[in-house]
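Chemist: For reference, this is structure_37.txt, and it has compact mmCIF, C-alpha atoms.
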```
# COMPACT_ATOMS: atom_id res chain seq x y z
CA MET A 1 0.00 0.00 0.00
CA PRO A 2 1.50 3.40 -0.96
CA VAL A 3 2.46 5.74 1.86
CA ALA A 4 1.60 9.42 1.32
CA LEU A 5 4.72 11.54 1.84
CA PRO A 6 4.60 15.32 2.07
CA HIS A 7 6.72 17.06 -0.59
CA ALA A 8 7.15 20.27 1.42
CA PRO A 9 10.23 20.40 3.63
CA GLU A 10 9.44 19.63 7.28
CA GLN A 11 11.94 18.90 10.01
CA GLN A 12 12.05 18.07 13.71
CA VAL A 13 14.64 17.42 16.39
CA THR A 14 13.71 15.36 19.45
CA CYS A 15 15.63 14.39 22.59
CA ASN A 16 15.51 10.98 24.21
CA SER A 17 17.95 9.95 26.97
CA GLY A 18 20.75 12.20 25.73
CA LEU A 19 20.31 11.36 22.03
CA LEU A 20 19.13 13.94 19.48
CA THR A 21 17.08 12.49 16.62
CA ILE A 22 16.79 14.61 13.46
CA GLU A 23 14.03 13.78 10.98
CA ALA A 24 13.15 15.69 7.82
CA ASN A 25 11.11 15.45 4.63
CA LEU A 26 13.32 16.42 1.71
CA LEU A 27 12.83 17.70 -1.80
CA PRO A 28 12.55 14.93 -4.43
CA ALA A 29 15.83 16.03 -6.07
CA ALA A 30 17.85 15.72 -2.84
CA ARG A 31 20.51 13.00 -3.01
CA ASN A 32 22.67 13.93 -0.02
CA VAL A 33 22.13 15.95 3.15
CA ARG A 34 24.74 17.93 5.08
CA LEU A 35 23.96 18.31 8.81
CA LEU A 36 25.61 21.39 10.37
CA LEU A 37 26.35 21.15 14.11
CA SER A 38 26.75 24.08 16.51
CA ASP A 39 30.54 23.49 16.70
CA LYS A 40 30.72 24.03 12.88
CA ARG A 41 31.37 20.33 12.13
CA THR A 42 29.26 18.69 9.42
CA ILE A 43 27.96 15.19 8.76
CA THR A 44 27.04 14.37 5.15
CA SER A 45 24.72 11.42 4.56
CA PRO A 46 22.80 10.05 1.59
CA ALA A 47 19.10 10.93 1.48
CA ILE A 48 16.60 8.11 1.83
CA ARG A 49 14.61 8.12 -1.41
CA ALA A 50 10.98 7.07 -1.64
CA PRO A 51 9.87 5.78 -5.05
CA ALA A 52 6.53 6.62 -6.69
CA ARG A 53 4.98 3.31 -5.56
CA LEU A 54 5.51 4.46 -1.94
CA GLY A 55 4.13 7.97 -2.45
CA GLY A 56 7.25 9.59 -3.92
CA PRO A 57 9.22 10.86 -5.47
CA ALA A 58 10.36 12.21 -2.13
CA GLY A 59 13.35 12.17 0.14
CA LEU A 60 13.65 11.46 3.84
CA TYR A 61 16.40 12.16 6.34
CA TYR A 62 17.02 10.42 9.67
CA GLN A 63 20.08 10.89 11.87
CA VAL A 64 20.84 10.37 15.57
CA VAL A 65 23.62 12.29 17.33
CA ARG A 66 24.66 12.36 20.99
CA GLY A 67 23.64 15.45 22.99
CA PRO A 68 23.79 17.75 24.82
CA SER A 69 26.45 19.41 22.67
CA PRO A 70 27.02 20.13 19.88
CA ILE A 71 23.42 20.59 18.77
CA PRO A 72 22.10 20.28 15.20
CA VAL A 73 21.69 23.69 13.53
CA SER A 74 20.63 23.11 9.91
CA LEU A 75 20.31 20.63 7.04
CA THR A 76 21.56 21.48 3.56
CA GLU A 77 19.93 19.43 0.80
CA LEU A 78 22.28 18.60 -2.08
CA ASP A 79 21.36 17.36 -5.57
CA ALA A 80 23.16 14.61 -7.54
CA ASN A 81 25.92 17.11 -8.55
CA GLY A 82 26.47 18.29 -4.97
CA SER A 83 24.78 21.65 -5.60
CA HIS A 84 22.72 23.25 -2.82
CA LEU A 85 18.97 22.85 -3.20
CA THR A 86 17.82 24.39 0.10
CA VAL A 87 18.84 24.90 3.71
CA LEU A 88 16.46 23.85 6.48
CA LYS A 89 16.95 25.57 9.85
CA LEU A 90 16.45 23.10 12.71
CA PRO A 91 14.69 23.94 15.97
CA ALA A 92 17.13 24.31 18.88
CA VAL A 93 17.00 21.63 21.55
CA VAL A 94 18.66 22.57 24.84
CA GLU A 95 19.88 20.40 27.70
CA CYS A 96 19.47 17.08 25.92
CA ALA A 97 21.14 14.84 28.45
CA LYS A 98 20.42 11.49 30.07
CA LYS A 99 19.59 13.25 33.33
CA LEU A 100 16.88 15.66 32.16
CA ARG A 101 15.96 17.14 35.56
CA LYS A 102 18.57 19.35 37.24
CA VAL A 103 17.66 20.42 40.77
CA PHE A 104 19.02 23.86 41.72
CA PRO A 105 21.40 24.17 44.69
CA HIS A 106 19.17 24.37 47.76
CA GLY A 107 16.32 23.59 45.34
CA ILE A 108 14.56 21.19 47.75
CA VAL A 109 13.36 22.86 50.94
CA ARG A 110 11.27 21.29 53.71
CA LEU A 111 8.62 23.88 54.60
CA VAL A 112 6.51 22.02 57.18
CA HIS A 113 6.61 18.72 59.06
CA GLU A 114 3.65 18.02 61.35
CA THR A 115 1.88 15.16 63.09
CA PRO A 116 -1.75 16.13 63.72
CA PRO A 117 -3.56 14.38 66.61
CA GLN A 118 -6.18 12.76 64.36
CA GLY A 119 -4.12 11.91 61.27
CA PRO A 120 -0.85 10.70 59.76
CA ALA A 121 2.37 12.71 59.86
CA PHE A 122 3.02 14.84 56.78
CA THR A 123 5.72 17.02 55.24
CA ILE A 124 5.32 19.84 52.73
CA ARG A 125 8.39 20.63 50.64
CA ALA A 126 9.21 22.95 47.76
CA GLU A 127 11.30 21.84 44.77
CA ARG A 128 12.81 24.08 42.11
CA TYR A 129 14.53 22.53 39.08
CA ARG A 130 15.37 22.97 35.39
CA GLU A 131 14.17 20.48 32.79
CA LEU A 132 14.72 20.81 29.03
CA GLY A 133 15.51 24.52 29.35
CA HIS A 134 12.48 25.44 31.48
CA ILE A 135 12.42 26.26 35.20
CA HIS A 136 9.80 24.41 37.25
CA PHE A 137 8.51 24.78 40.79
CA GLU A 138 6.55 22.16 42.74
CA LEU A 139 5.05 21.93 46.19
CA LYS A 140 4.93 18.34 47.41
CA LEU A 141 2.96 16.82 50.26
CA ASP A 142 4.39 13.61 51.74
CA GLU A 143 1.96 11.64 53.88
CA ALA A 144 2.39 8.31 55.62
CA SER A 145 0.71 6.43 52.73
CA GLU A 146 1.18 8.56 49.60
CA GLU A 147 2.72 11.67 48.07
CA SER A 148 0.77 14.48 46.37
CA PHE A 149 2.31 17.30 44.43
CA PHE A 150 1.26 20.64 43.02
CA SER A 151 3.34 21.95 40.13
CA SER A 152 3.91 25.27 38.40
CA SER A 153 2.63 23.69 35.19
CA GLY A 154 -0.86 23.78 36.67
CA GLY A 155 -1.35 20.09 37.38
CA VAL A 156 -2.06 18.16 40.52
CA GLY A 157 -0.97 14.57 40.72
CA ARG A 158 -0.41 11.64 43.03
CA ILE A 159 2.58 9.38 43.26
CA GLU A 160 2.97 6.30 45.41
CA GLU A 161 5.28 6.90 48.36
CA LYS A 162 8.92 5.93 47.78
```
Can the structure in the file be given as structure tokens, please?
Modeler:
Amino acid sequence: MPVALPHAPEQQVTCNSGLLTIEANLLPAARNVRLLLSDKRTITSPAIRAPARLGGPAGLYYQVVRGPSPIPVSLTELDANGSHLTVLKLPAVVECAKKLRKVFPHGIVRLVHETPPQGPAFTIRAERYRELGHIHFELKLDEASEESFFSSSGGVGRIEEK
């Protein structure tokens, strides 16, 4: 069964456990692709070509590089003669590392620890950390049987106690 492939250039960069995956739809005339990294190095790879029976002619690009640095900057599509067809700017991905959450120094603070007469002991703590380039803040409630948290992203959740 033919697979419909878009002919307009589209690209994305994703992070998973410290690896950056670059995917792009290429122009049908693209034969090679030059990936430019933030340290000015390049990686040139052949384009994956899709024939007409699979929805082509079209080209695809797929590459995995280790993060967090250098990061992919752009893709240059090259034709069969090595001439430039187009340059695709890639979205920046920051802090792509195996350990995605970085707690700030003194970023975990115990605010309250109480044992009410009619209930279980509890602790309320604040946590401030950076994850994928964004700063987050959470208030967490630890009870004898479970942990609840309230985050700056607007959600409320429950996690089983450690």
Chemist: Enter the distance from atom CA of Thr42 of chain A to atom CA of Ala92 of chain A, in Å, rounded to one decimal.
Modeler: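 Spanning atom CA of Thr42 of chain A to atom CA of Ala92 of chain A is a straight-line distance of 16.4 Å.
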Chemist: Find the distance between atom CA of Ile135 of chain A and atom CA of Ser17 of chain A and write it in Å to one decimal.
Modeler: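 So the two atoms, atom CA of Ile135 of chain A and atom CA of Ser17 of chain A, lie 19.1 Å apart.
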Chemist: Considering all atoms listed in the file, can you say which of A:Pro105, A:Pro91, A:Pro46, A:Gly56 comes closest to Ile71 of chain A?
Modeler: A:Pro91
Chemist: Enter the distance from atom CA of Thr76 of chain A to atom CA of Leu54 of chain A, in Å, rounded to one decimal.
Modeler: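 A separation of 24.0 Å between them.
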Chemist: Select, from A:Leu20, A:Ala80, A:Val73, A:His136, the residue with the minimum atom-to-atom distance to Lys102 of chain A, counting only C-alpha atoms.
Modeler: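 That would be A:His136, the residue with the smallest distance to Lys102 of chain A.
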Chemist: Determine the nearest neighbour of Gly82 of chain A from the options A:Glu10, A:Arg34, A:Gln63, A:Ile48, counting only C-alpha atoms.
Modeler: A:Arg34
Chemist: Quick one: of A:Lys40, A:Ala30, A:Lys140, A:Leu78, who's nearest to Ala58 of chain A, counting all atoms listed in the file?
Modeler: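 When distances to Ala58 of chain A are compared using all atoms listed in the file, the smallest one comes from A:Ala30.
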Chemist: Mind checking which residues fall within 9 Å of Arg130 of chain A, counting only C-alpha atoms, ignoring those fewer than 6 positions away in the same chain, and posting them as a list in words?
Modeler: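 Non-adjacent residues within range: Leu100, Arg101, Lys102, Val103, Phe104, His136 and Phe137 of chain A.
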Chemist: Quick one: everything within 9 Å of segment 106-115 of chain A, counting all atoms listed in the file, minus sequence neighbours fewer than 3 positions away in the same chain. Send it as a PyMOL selection string.
Modeler: chain A and resi 103+118-129
Chemist: For Arg66 of chain A, which residue among A:Val13, A:Ile43, A:Cys96, A:Leu88 is the nearest when counting all atoms listed in the file?
Modeler: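 Nearest candidate to Arg66 of chain A out of A:Val13, A:Ile43, A:Cys96, A:Leu88: A:Cys96.
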